[in-house]
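> protein-v7.cif (mmCIF, C-alpha atoms and all ligand atoms) pasted underneath:
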data_input
loop_
_atom_site.label_atom_id
_atom_site.label_comp_id
_atom_site.auth_asym_id
_atom_site.auth_seq_id
_atom_site.Cartn_x
_atom_site.Cartn_y
_atom_site.Cartn_z
CA MET F 1 -105.19 17.36 62.07
CA THR F 2 -107.87 19.65 60.77
CA LEU F 3 -108.19 20.40 57.08
CA LEU F 4 -110.69 23.22 57.56
CA GLN F 5 -110.45 26.87 58.53
CA PRO F 6 -113.61 29.00 58.81
CA LEU F 7 -113.20 32.35 56.99
CA ALA F 8 -116.55 34.09 57.25
CA ASP F 9 -120.22 33.33 57.68
CA GLY F 10 -120.75 30.14 55.66
CA VAL F 11 -117.35 30.27 53.94
CA THR F 12 -114.66 27.73 54.81
CA LEU F 13 -111.17 27.05 53.51
CA GLY F 14 -110.15 23.44 52.94
CA ASP F 15 -106.48 22.47 52.66
CA LEU F 16 -106.02 19.90 49.87
CA HIS F 17 -102.50 18.98 51.02
CA HIS F 18 -101.24 18.72 47.47
CA LEU F 19 -98.34 16.23 47.37
CA ASP F 20 -98.71 16.01 51.15
CA ARG F 21 -97.72 19.65 51.47
CA ALA F 22 -99.83 21.83 53.77
CA GLU F 23 -100.84 25.34 52.62
CA SER F 24 -100.19 24.69 48.95
CA ILE F 25 -103.64 24.45 47.28
CA ALA F 26 -106.90 25.61 48.86
CA VAL F 27 -110.49 24.77 48.01
CA TYR F 28 -113.24 27.06 49.29
CA LEU F 29 -116.62 25.81 50.51
CA ILE F 30 -119.68 28.04 50.54
CA ASP F 31 -122.76 26.87 52.41
CA THR F 32 -126.07 27.63 50.73
CA ARG F 33 -129.69 26.56 51.13
CA ASP F 34 -129.17 24.55 47.95
CA GLY F 35 -126.19 22.50 49.07
CA LEU F 36 -122.53 23.24 48.97
CA VAL F 37 -120.67 25.39 46.45
CA LEU F 38 -117.01 24.61 45.84
CA VAL F 39 -114.75 27.32 44.48
CA ASP F 40 -111.84 25.71 42.56
CA PRO F 41 -112.06 22.08 43.72
CA GLY F 42 -108.38 21.43 42.92
CA PRO F 43 -106.45 18.76 41.04
CA ALA F 44 -107.59 15.16 40.59
CA SER F 45 -104.52 14.00 42.52
CA CYS F 46 -106.18 15.51 45.63
CA LEU F 47 -109.53 13.73 45.21
CA ASP F 48 -109.14 11.68 48.39
CA THR F 49 -108.25 14.75 50.42
CA LEU F 50 -111.17 16.63 48.89
CA HIS F 51 -113.45 13.87 50.16
CA ASP F 52 -111.80 14.19 53.60
CA VAL F 53 -112.44 17.95 53.47
CA LEU F 54 -116.11 17.38 52.66
CA ARG F 55 -116.46 14.75 55.39
CA GLU F 56 -114.88 17.08 57.94
CA ALA F 57 -117.31 19.78 56.85
CA GLY F 58 -120.16 17.37 57.58
CA ALA F 59 -121.13 17.16 53.90
CA ALA F 60 -121.83 14.09 51.83
CA PRO F 61 -120.24 14.07 48.37
CA ASP F 62 -123.74 14.54 46.87
CA ASP F 63 -124.22 17.78 48.80
CA VAL F 64 -121.93 19.48 46.32
CA ARG F 65 -124.31 21.03 43.76
CA ASN F 66 -122.25 23.80 42.21
CA VAL F 67 -118.62 24.37 41.33
CA LEU F 68 -117.37 27.88 40.58
CA LEU F 69 -114.09 27.93 38.67
CA THR F 70 -111.74 30.88 38.62
CA HIS F 71 -109.84 29.20 35.79
CA ILE F 72 -109.16 25.79 34.35
CA HIS F 73 -105.48 25.27 35.21
CA LEU F 74 -105.03 21.76 36.59
CA ASP F 75 -104.16 22.84 40.14
CA HIS F 76 -107.55 24.62 40.34
CA ALA F 77 -109.90 22.53 38.23
CA GLY F 78 -108.31 19.20 37.27
CA VAL F 79 -110.78 17.19 39.36
CA VAL F 80 -113.92 18.84 38.02
CA GLY F 81 -114.67 16.24 35.32
CA THR F 82 -114.39 13.44 37.88
CA LEU F 83 -116.78 15.28 40.22
CA ALA F 84 -119.27 16.06 37.46
CA ARG F 85 -119.39 12.48 36.16
CA ALA F 86 -120.12 11.14 39.63
CA ARG F 87 -122.92 13.70 40.16
CA PRO F 88 -125.13 14.31 37.14
CA ARG F 89 -126.85 17.24 38.92
CA LEU F 90 -123.62 19.11 39.59
CA ARG F 91 -123.24 22.37 37.68
CA VAL F 92 -119.82 23.73 36.74
CA HIS F 93 -119.51 27.49 36.21
CA VAL F 94 -116.69 28.60 33.93
CA HIS F 95 -115.70 31.47 31.64
CA ALA F 96 -116.57 30.99 27.97
CA ARG F 97 -112.91 30.93 26.93
CA GLY F 98 -112.22 28.04 29.29
CA ALA F 99 -115.34 25.97 28.58
CA LYS F 100 -114.03 24.13 25.51
CA HIS F 101 -111.06 22.81 27.47
CA LEU F 102 -113.39 21.31 30.07
CA LEU F 103 -115.43 19.61 27.34
CA ASP F 104 -112.25 18.29 25.74
CA PRO F 105 -109.13 18.58 27.90
CA ALA F 106 -106.76 17.17 25.22
CA ARG F 107 -105.09 20.49 24.32
CA LEU F 108 -104.85 21.60 27.94
CA LEU F 109 -103.18 18.30 28.80
CA ASP F 110 -100.78 18.56 25.86
CA SER F 111 -99.55 21.95 26.96
CA ALA F 112 -99.28 20.83 30.60
CA ARG F 113 -97.32 17.76 29.48
CA ARG F 114 -94.78 20.03 27.77
CA ILE F 115 -94.08 21.58 31.18
CA TYR F 116 -94.44 18.60 33.53
CA GLY F 117 -93.56 15.63 31.29
CA ASP F 118 -93.69 12.25 32.98
CA ASP F 119 -94.59 13.88 36.29
CA MET F 120 -98.12 14.73 35.07
CA ASP F 121 -99.93 11.86 36.77
CA ARG F 122 -98.25 12.24 40.12
CA LEU F 123 -98.84 16.00 40.15
CA TRP F 124 -102.33 16.27 38.72
CA GLY F 125 -103.96 12.83 38.45
CA GLU F 126 -106.49 11.78 35.82
CA VAL F 127 -108.29 14.61 34.01
CA LEU F 128 -111.75 13.75 32.65
CA PRO F 129 -114.00 15.87 30.42
CA VAL F 130 -117.07 17.60 31.88
CA PRO F 131 -120.39 16.60 30.24
CA ALA F 132 -121.72 19.54 28.18
CA ASP F 133 -125.11 19.68 29.89
CA GLN F 134 -123.43 20.30 33.26
CA LEU F 135 -121.54 23.41 32.16
CA VAL F 136 -122.74 26.92 32.92
CA VAL F 137 -120.81 29.21 30.58
CA LEU F 138 -120.25 32.80 31.70
CA GLU F 139 -118.69 35.98 30.29
CA GLY F 140 -118.13 37.81 33.57
CA GLY F 141 -120.46 40.47 34.92
CA GLU F 142 -123.08 37.95 36.06
CA ARG F 143 -124.71 38.07 39.47
CA LEU F 144 -125.91 34.59 40.38
CA THR F 145 -128.18 33.58 43.22
CA ILE F 146 -127.41 30.10 44.47
CA GLY F 147 -129.38 28.81 47.45
CA GLY F 148 -129.95 32.33 48.79
CA ARG F 149 -126.37 33.54 48.37
CA ILE F 150 -125.40 36.15 45.82
CA LEU F 151 -122.25 35.38 43.90
CA ARG F 152 -120.79 37.84 41.46
CA ALA F 153 -118.51 36.80 38.60
CA ALA F 154 -116.01 39.18 36.99
CA TRP F 155 -113.78 38.60 33.98
CA THR F 156 -110.25 39.12 35.29
CA PRO F 157 -107.58 38.35 32.67
CA GLY F 158 -103.85 38.82 33.26
CA HIS F 159 -102.86 35.42 34.67
CA ALA F 160 -105.11 33.59 32.18
CA TRP F 161 -107.42 34.90 29.45
CA HIS F 162 -110.35 32.89 30.80
CA HIS F 163 -109.92 33.91 34.44
CA LEU F 164 -112.94 34.85 36.57
CA ALA F 165 -112.89 36.25 40.08
CA TRP F 166 -115.91 35.65 42.32
CA LEU F 167 -117.42 37.71 45.11
CA ASP F 168 -119.67 36.36 47.84
CA GLU F 169 -121.52 39.59 48.57
CA ARG F 170 -122.83 38.70 52.02
CA ALA F 171 -119.58 37.26 53.33
CA GLY F 172 -117.47 39.99 51.67
CA ILE F 173 -115.02 37.40 50.41
CA ALA F 174 -113.44 37.64 46.94
CA PHE F 175 -112.23 34.38 45.45
CA THR F 176 -109.36 35.47 43.27
CA GLY F 177 -107.82 32.24 41.97
CA ASP F 178 -104.37 33.33 40.80
CA VAL F 179 -105.07 36.84 39.46
CA ALA F 180 -104.36 38.42 42.88
CA GLY F 181 -101.23 36.29 43.16
CA GLU F 182 -100.12 34.21 46.09
CA GLY F 183 -99.71 34.86 49.78
CA THR F 184 -99.06 33.02 53.00
CA GLN F 185 -100.18 33.34 56.59
CA HIS F 186 -96.55 33.75 57.65
CA GLY F 187 -95.77 37.40 56.97
CA THR F 188 -94.27 36.85 53.53
CA PRO F 189 -94.87 39.34 50.69
CA ALA F 190 -97.67 38.95 48.14
CA LEU F 191 -96.27 37.33 45.01
CA PRO F 192 -97.45 37.20 41.40
CA VAL F 193 -97.98 33.86 39.66
CA THR F 194 -96.94 34.13 36.02
CA PRO F 195 -96.69 30.77 34.25
CA PRO F 196 -97.04 30.55 30.45
CA PRO F 197 -98.94 30.99 28.18
CA ASP F 198 -101.41 33.83 28.87
CA ILE F 199 -99.53 36.41 30.96
CA ASP F 200 -100.54 39.93 29.94
CA LEU F 201 -99.71 42.94 32.10
CA GLU F 202 -101.92 45.38 30.19
CA ALA F 203 -104.93 43.13 30.75
CA TRP F 204 -103.93 42.42 34.34
CA ARG F 205 -104.06 45.93 35.82
CA PRO F 206 -107.81 46.55 35.23
CA SER F 207 -108.55 43.14 36.77
CA LEU F 208 -106.90 44.22 40.02
CA ASP F 209 -108.75 47.56 39.98
CA LEU F 210 -112.02 45.72 39.58
CA ILE F 211 -111.28 43.38 42.49
CA GLU F 212 -110.16 46.26 44.69
CA ALA F 213 -113.37 48.15 43.92
CA TRP F 214 -115.37 45.28 45.42
CA GLY F 215 -114.10 46.39 48.82
CA ALA F 216 -114.01 42.81 50.10
CA GLU F 217 -113.07 41.94 53.68
CA ALA F 218 -110.58 39.38 52.40
CA LEU F 219 -109.20 37.88 49.23
CA ALA F 220 -109.43 34.10 49.29
CA LEU F 221 -106.24 33.00 47.52
CA THR F 222 -105.86 29.50 46.13
CA HIS F 223 -102.18 29.58 47.11
CA PHE F 224 -102.87 30.03 50.02
CA GLY F 225 -105.56 31.30 52.33
CA PRO F 226 -107.09 34.68 53.14
CA ALA F 227 -105.39 38.03 52.52
CA ARG F 228 -107.14 40.20 55.10
CA GLU F 229 -105.93 43.53 53.73
CA PRO F 230 -106.93 43.36 50.08
CA ALA F 231 -105.68 46.81 48.99
CA THR F 232 -102.23 46.26 50.54
CA HIS F 233 -101.97 42.77 49.11
CA LEU F 234 -102.94 43.89 45.60
CA ARG F 235 -100.55 46.84 45.65
CA GLN F 236 -97.65 44.70 46.83
CA MET F 237 -98.39 42.00 44.26
CA TRP F 238 -98.56 44.54 41.41
CA GLU F 239 -95.30 46.24 42.45
CA THR F 240 -93.50 42.91 42.43
CA LEU F 241 -95.10 41.99 39.12
CA LEU F 242 -93.80 45.22 37.50
CA LEU F 243 -90.37 44.66 39.01
CA TRP F 244 -90.29 41.05 37.80
CA SER F 245 -91.38 42.05 34.32
CA VAL F 246 -88.47 44.49 34.07
CA SER F 247 -85.86 42.10 35.48
CA VAL F 248 -87.04 39.19 33.33
CA HIS F 249 -86.82 41.48 30.31
CA GLU F 250 -83.25 42.33 31.26
CA SER F 251 -82.39 38.68 31.75
CA LEU F 252 -83.52 37.95 28.17
CA ALA F 253 -80.56 40.01 26.98
CA THR F 254 -78.05 37.79 28.81
CA ASP F 255 -76.26 34.87 27.16
CA GLY F 256 -77.21 31.26 27.65
CA PRO F 257 -80.23 28.97 27.40
CA ASP F 258 -83.54 29.85 29.03
CA GLU F 259 -83.02 27.33 31.84
CA ALA F 260 -79.85 29.12 32.94
CA ARG F 261 -81.44 32.57 32.64
CA ALA F 262 -84.47 31.46 34.63
CA GLU F 263 -82.33 29.85 37.35
CA ALA F 264 -80.09 32.88 37.73
CA TRP F 265 -83.03 35.27 37.82
CA ALA F 266 -85.00 33.15 40.29
CA HIS F 267 -82.09 32.86 42.72
CA THR F 268 -81.46 36.61 42.68
CA GLU F 269 -85.14 37.36 43.09
CA HIS F 270 -85.63 34.75 45.82
CA ASP F 271 -82.72 36.23 47.79
CA ARG F 272 -84.13 39.74 47.41
CA LEU F 273 -87.56 38.63 48.63
CA THR F 274 -86.40 36.50 51.54
CA SER F 275 -83.46 38.45 52.96
CA PRO F 276 -85.62 41.03 54.82
CA LEU F 277 -87.77 38.27 56.35
CA PRO F 278 -87.33 36.61 59.75
CA PRO F 279 -85.77 33.14 59.34
CA GLU F 280 -89.00 31.29 60.14
CA ALA F 281 -90.85 33.08 57.32
CA ARG F 282 -88.16 32.47 54.67
CA ALA F 283 -89.01 28.81 54.20
CA HIS F 284 -92.50 29.82 53.06
CA VAL F 285 -91.24 31.56 49.92
CA LEU F 286 -90.54 28.70 47.53
CA LEU F 287 -87.79 29.04 44.95
CA GLU F 288 -89.73 26.84 42.52
CA THR F 289 -92.71 29.23 42.58
CA VAL F 290 -90.47 32.14 41.62
CA LEU F 291 -88.65 30.05 39.00
CA GLY F 292 -91.88 29.08 37.20
CA SER F 293 -92.83 32.72 36.85
CA TRP F 294 -89.79 33.54 34.66
CA TYR F 295 -91.20 31.51 31.77
CA GLY F 296 -94.54 33.28 31.58
CA LEU F 297 -92.99 36.75 31.65
CA ALA F 298 -90.35 35.73 29.09
CA ARG F 299 -93.12 34.56 26.79
CA TYR F 300 -95.03 37.81 27.39
CA TRP F 301 -92.04 39.89 26.25
CA ARG F 302 -91.21 37.69 23.28
CA LYS F 303 -94.77 37.86 21.99
CA LYS F 304 -94.82 41.63 22.43
CA GLU F 305 -91.54 42.13 20.62
CA GLU F 306 -92.23 39.75 17.76
CA PRO F 307 -92.07 41.63 14.47
CA PRO F 308 -95.60 41.95 13.03
CA ALA F 309 -96.34 39.19 10.50
ZN ZN Y 401 -102.80 28.13 40.66
#
Mind turning the file's structure into structure tokens?


Amino acid sequence: MTLLQPLADGVTLGDLHHLDRAESIAVYLIDTRDGLVLVDPGPASCLDTLHDVLREAGAAPDDVRNVLLTHIHLDHAGVVGTLARARPRLRVHVHARGAKHLLDPARLLDSARRIYGDDMDRLWGEVLPVPADQLVVLEGGERLTIGGRILRAAWTPGHAWHHLAWLDERAGIAFTGDVAGEGTQHGTPALPVTPPPDIDLEAWRPSLDLIEAWGAEALALTHFGPAREPATHLRQMWETLLLWSVSVHESLATDGPDEARAEAWAHTEHDRLTSPLPPEARAHVLLETVLGSWYGLARYWRKKEEPPA
């Protein structure tokens, strides 16, 4: 079984097989003259698989010199403290609004525990702080040169307030974390990812415009793999996001607890998304992914409609 898929000159996708599931969480490897760059190294629960990915790529663990984070959610960055502590020369690039949570993950872990409860360890593993002197704090708008490769960072809120997207200029690959949503290699539609607490549609739209203006050959999605037609992917994702925002808003007016509203909405939406697909593609649209998105959009509307204090 191979964990790697070459995407472009010097850019490789690694499949972290989160919870033994293929095509769930990707890490991206960029080869430079100054060692390897990892974009979103994934959760700590995938540390062994990450080492397998590096071995398969012919890299020693110490070859990893730089980590670029799109954002600090545990599925993207949970392992970064563990990596940094084992390699004092490793530098971790992160948006300023996310940096404090890498230095002290306590609040991030508290809010994740409210969602995942006792399942935290199994899902995400041990989350360690990143030493301050290994952090490179960015605002977005930077153009970094790492080992001869030019990597652009852009502030792209919408999914999270501290979200960055990255562009490898030479390879023409945009690493979009979760702001460009999810996709599969199986002909399923592009889907938004809208978990609590930061979802903001007004902030989201300009982020997509900015990414589209890069004119990349492909979007490298964390969940999962390359979207080879960026403009089509972004348009489809945004259309579904608008549709979801309206239908979640409507569901807030129905009776019952949030769990029931979310379930009912997710089943309806999952049916709508999967019914036009060939049977073999349907299994690649996960109900749980859709379900999780109800909560972030519900929070978005409630915050918006709160009477001013
Ligand atoms: Zn994610």

> Using all atoms listed in the file for the distances, tell me which of F:Pro192, F:Gly187, F:Gly215, F:Pro105 is nearest to ligand ZN 401 (chain Y).

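Counting all atoms listed in the file, the residue closest to ligand ZN 401 (chain Y) is F:Pro192.
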
> Name each residue within 7 Å of ligand ZN 401 (chain Y), counting all atoms listed in the file, as a short mmCIF file (atom, residue, chain, number, x, y, z; two decimals) with C-alpha atoms, keeping the file's coordinate frame.


data_model
loop_
_atom_site.label_atom_id
_atom_site.label_comp_id
_atom_site.auth_asym_id
_atom_site.auth_seq_id
_atom_site.Cartn_x
_atom_site.Cartn_y
_atom_site.Cartn_z
CA HIS F 73 -105.48 25.27 35.21
CA ASP F 75 -104.16 22.84 40.14
CA HIS F 76 -107.55 24.62 40.34
CA GLY F 177 -107.82 32.24 41.97
CA ASP F 178 -104.37 33.33 40.80
CA THR F 222 -105.86 29.50 46.13
CA HIS F 223 -102.18 29.58 47.11
#

> With distances taken over all atoms listed in the file, which residue among F:Arg299, F:Arg282, F:His95, F:Arg228 lies nearest Ala154 of chain F?

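Looking only at the distances to Ala154 of chain F, the closest residue turns out to be F:His95.
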
> Can you tell me which residues surround Trp155 of chain F at a distance of at most 10 Å, considering only C-alpha atoms, apart from same-chain residues fewer than 6 positions away, and format the answer as a list of chain:residue names?

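Residues near the query, excluding close chain neighbours: F:Thr70, F:His95, F:Leu138, F:Glu139, F:Gly140, F:Gly141, F:Glu142, F:Trp161, F:His162, F:His163, F:Leu164, F:Ala165, F:Trp166, F:Ser207, F:Leu210.
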
> Have a look at F:Leu54, F:Leu36, F:Glu126, F:Pro43 and name the one nearest to Arg91 of chain F; count all atoms listed in the file.

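Closest to Arg91 of chain F of all the choices is F:Leu36.
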
> When you draw a straight line from atom CA of Leu277 of chain F to atom CA of Thr188 of chain F, how long is it in Å?

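These atoms are spaced 7.2 Å apart.
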
> Residues around (-101.4, 12.5, 41.5), cut-off 9 Å, counting all atoms listed in the file - what are they as a ChimeraX atom specification?

/F:18-19,43-46,119-126

> Keeping only C-alpha atoms, write those residues as a short mmCIF file (atom, residue, chain, number, x, y, z; two decimals), in the frame of the given file.


data_model
loop_
_atom_site.label_atom_id
_atom_site.label_comp_id
_atom_site.auth_asym_id
_atom_site.auth_seq_id
_atom_site.Cartn_x
_atom_site.Cartn_y
_atom_site.Cartn_z
CA HIS F 18 -101.24 18.72 47.47
CA LEU F 19 -98.34 16.23 47.37
CA PRO F 43 -106.45 18.76 41.04
CA ALA F 44 -107.59 15.16 40.59
CA SER F 45 -104.52 14.00 42.52
CA CYS F 46 -106.18 15.51 45.63
CA ASP F 119 -94.59 13.88 36.29
CA MET F 120 -98.12 14.73 35.07
CA ASP F 121 -99.93 11.86 36.77
CA ARG F 122 -98.25 12.24 40.12
CA LEU F 123 -98.84 16.00 40.15
CA TRP F 124 -102.33 16.27 38.72
CA GLY F 125 -103.96 12.83 38.45
CA GLU F 126 -106.49 11.78 35.82
#

> So what do you get for atom CA of Ala298 of chain F versus atom CA of Arg113 of chain F, distance-wise?

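That distance, rounded to one decimal, is 19.3 Å.
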
> Do you know which residues are at most 10 Å from Glu169 of chain F counting only C-alpha atoms, after dropping those on the same chain fewer than 6 positions away, and could you put them as a VMD selection string?

chain F and resid 143 149 to 152 214 216

> Box along x, y and z, 3 Å on every side, all listed atoms of segment 11-30 of chain F inside: centre and edge lengths in Å to one decimal, as JSON.


{"center_x": -108.7, "center_y": 23.1, "center_z": 51.0, "size_x": 28.0, "size_y": 20.3, "size_z": 13.5}

> I want to know what sits within 10 Å of Leu297 of chain F, based on all atoms listed in the file, with residues of the same chain fewer than 3 positions away left out; could you give that as a PDB file with C-alpha atoms, keeping the file's coordinate frame?


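Dumped everything to out.pdb:
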ATOM      1  CA  VAL F 193     -97.980  33.860  39.660  1.00  0.00           C
ATOM      2  CA  THR F 194     -96.940  34.130  36.020  1.00  0.00           C
ATOM      3  CA  PRO F 195     -96.690  30.770  34.250  1.00  0.00           C
ATOM      4  CA  PRO F 196     -97.040  30.550  30.450  1.00  0.00           C
ATOM      5  CA  PRO F 197     -98.940  30.990  28.180  1.00  0.00           C
ATOM      6  CA  ASP F 198    -101.410  33.830  28.870  1.00  0.00           C
ATOM      7  CA  ILE F 199     -99.530  36.410  30.960  1.00  0.00           C
ATOM      8  CA  ASP F 200    -100.540  39.930  29.940  1.00  0.00           C
ATOM      9  CA  LEU F 201     -99.710  42.940  32.100  1.00  0.00           C
ATOM     10  CA  LEU F 241     -95.100  41.990  39.120  1.00  0.00           C
ATOM     11  CA  TRP F 244     -90.290  41.050  37.800  1.00  0.00           C
ATOM     12  CA  SER F 245     -91.380  42.050  34.320  1.00  0.00           C
ATOM     13  CA  VAL F 246     -88.470  44.490  34.070  1.00  0.00           C
ATOM     14  CA  SER F 247     -85.860  42.100  35.480  1.00  0.00           C
ATOM     15  CA  VAL F 248     -87.040  39.190  33.330  1.00  0.00           C
ATOM     16  CA  HIS F 249     -86.820  41.480  30.310  1.00  0.00           C
ATOM     17  CA  GLY F 292     -91.880  29.080  37.200  1.00  0.00           C
ATOM     18  CA  SER F 293     -92.830  32.720  36.850  1.00  0.00           C
ATOM     19  CA  TRP F 294     -89.790  33.540  34.660  1.00  0.00           C
ATOM     20  CA  TYR F 300     -95.030  37.810  27.390  1.00  0.00           C
ATOM     21  CA  TRP F 301     -92.040  39.890  26.250  1.00  0.00           C
ATOM     22  CA  ARG F 302     -91.210  37.690  23.280  1.00  0.00           C
ATOM     23  CA  LYS F 303     -94.770  37.860  21.990  1.00  0.00           C
TER      24      LYS F 303
END

> Given the choices F:Leu47, F:Leu38, F:Ala227, F:Val53, which gets closest to Met1 of chain F if the distance is worked out from all atoms listed in the file?

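Closest to Met1 of chain F of all the choices is F:Val53.
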
> Which is closest to Glu259 of chain F among F:Tyr295, F:Leu16, F:Thr232, F:Ala26, if we use all atoms listed in the file?

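Closest candidate: F:Tyr295.
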
> Kindly give the distance, in Å, that separates atom CA of Val179 of chain F and atom CA of Leu29 of chain F, rounded to a single decimal.

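If I compute the distance from atom CA of Val179 of chain F to atom CA of Leu29 of chain F, I get 19.4 Å.
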
> Using all atoms listed in the file, which of F:Phe175, F:Trp204, F:Trp238, F:Trp265 sits nearest Asp40 of chain F?

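Distance minimum relative to Asp40 of chain F lands on F:Phe175.
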
> The residues within 9 Å of (-117.5, 26.9, 36.6), using only C-alpha atoms and the coordinates of the file, should be reported as a PyMOL selection string; which are they?

chain F and resi 39-40+66-72+77+80+91-95+99+135-138

> Within 12 Å of Ala86 of chain F, counting all atoms listed in the file, which residues show up once you throw out same-chain ones fewer than 5 positions away? Write them as a VMD selection string, please.

chain F and resid 61 to 62 64 to 65 79 to 81 91 128 130 to 131 134

> May I ask you to restore all heavy atoms in segment 201-208 of chain F and write the result as a compact mmCIF listing (two decimals), in the coordinates of the input?


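Written out: result-v3.txt:
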# COMPACT_ATOMS: atom_id res chain seq x y z
N LEU F 201 -99.69 41.90 31.06
CA LEU F 201 -99.71 42.94 32.10
C LEU F 201 -100.76 44.01 31.81
O LEU F 201 -101.39 44.53 32.73
CB LEU F 201 -98.34 43.59 32.24
CG LEU F 201 -97.17 42.69 32.65
CD1 LEU F 201 -96.02 43.53 33.15
CD2 LEU F 201 -97.56 41.69 33.71
N GLU F 202 -100.93 44.35 30.53
CA GLU F 202 -101.92 45.38 30.19
C GLU F 202 -103.32 44.94 30.56
O GLU F 202 -104.15 45.74 30.99
CB GLU F 202 -101.85 45.71 28.69
CG GLU F 202 -100.64 46.52 28.27
CD GLU F 202 -99.35 45.68 28.14
OE1 GLU F 202 -99.40 44.45 28.35
OE2 GLU F 202 -98.30 46.27 27.84
N ALA F 203 -103.60 43.65 30.39
CA ALA F 203 -104.93 43.13 30.75
C ALA F 203 -105.06 42.95 32.26
O ALA F 203 -106.16 42.99 32.81
CB ALA F 203 -105.16 41.79 30.06
N TRP F 204 -103.93 42.78 32.91
CA TRP F 204 -103.93 42.42 34.34
C TRP F 204 -104.37 43.59 35.24
O TRP F 204 -105.14 43.42 36.18
CB TRP F 204 -102.53 41.94 34.74
CG TRP F 204 -102.48 41.05 35.93
CD1 TRP F 204 -103.21 41.16 37.09
CD2 TRP F 204 -101.66 39.87 36.09
NE1 TRP F 204 -102.88 40.14 37.96
CE2 TRP F 204 -101.93 39.34 37.37
CE3 TRP F 204 -100.72 39.23 35.28
CZ2 TRP F 204 -101.29 38.19 37.86
CZ3 TRP F 204 -100.09 38.10 35.76
CH2 TRP F 204 -100.37 37.59 37.03
N ARG F 205 -103.82 44.78 34.93
CA ARG F 205 -104.06 45.93 35.82
C ARG F 205 -105.56 46.21 36.07
O ARG F 205 -105.99 46.34 37.21
CB ARG F 205 -103.32 47.16 35.26
CG ARG F 205 -103.40 48.43 36.10
CD ARG F 205 -102.76 48.27 37.46
NE ARG F 205 -103.75 48.38 38.52
CZ ARG F 205 -103.47 48.25 39.83
NH1 ARG F 205 -102.24 48.02 40.22
NH2 ARG F 205 -104.41 48.36 40.71
N PRO F 206 -106.37 46.31 34.99
CA PRO F 206 -107.81 46.55 35.23
C PRO F 206 -108.48 45.44 36.06
O PRO F 206 -109.42 45.71 36.81
CB PRO F 206 -108.42 46.59 33.82
CG PRO F 206 -107.27 46.76 32.89
CD PRO F 206 -106.03 46.29 33.56
N SER F 207 -107.97 44.23 35.96
CA SER F 207 -108.55 43.14 36.77
C SER F 207 -108.36 43.41 38.26
O SER F 207 -109.25 43.18 39.08
CB SER F 207 -107.89 41.80 36.41
OG SER F 207 -108.11 41.47 35.07
N LEU F 208 -107.17 43.93 38.61
CA LEU F 208 -106.90 44.22 40.02
C LEU F 208 -107.74 45.40 40.50
O LEU F 208 -108.24 45.41 41.64
CB LEU F 208 -105.42 44.51 40.23
CG LEU F 208 -104.46 43.37 39.83
CD1 LEU F 208 -103.02 43.77 40.11
CD2 LEU F 208 -104.81 42.07 40.55
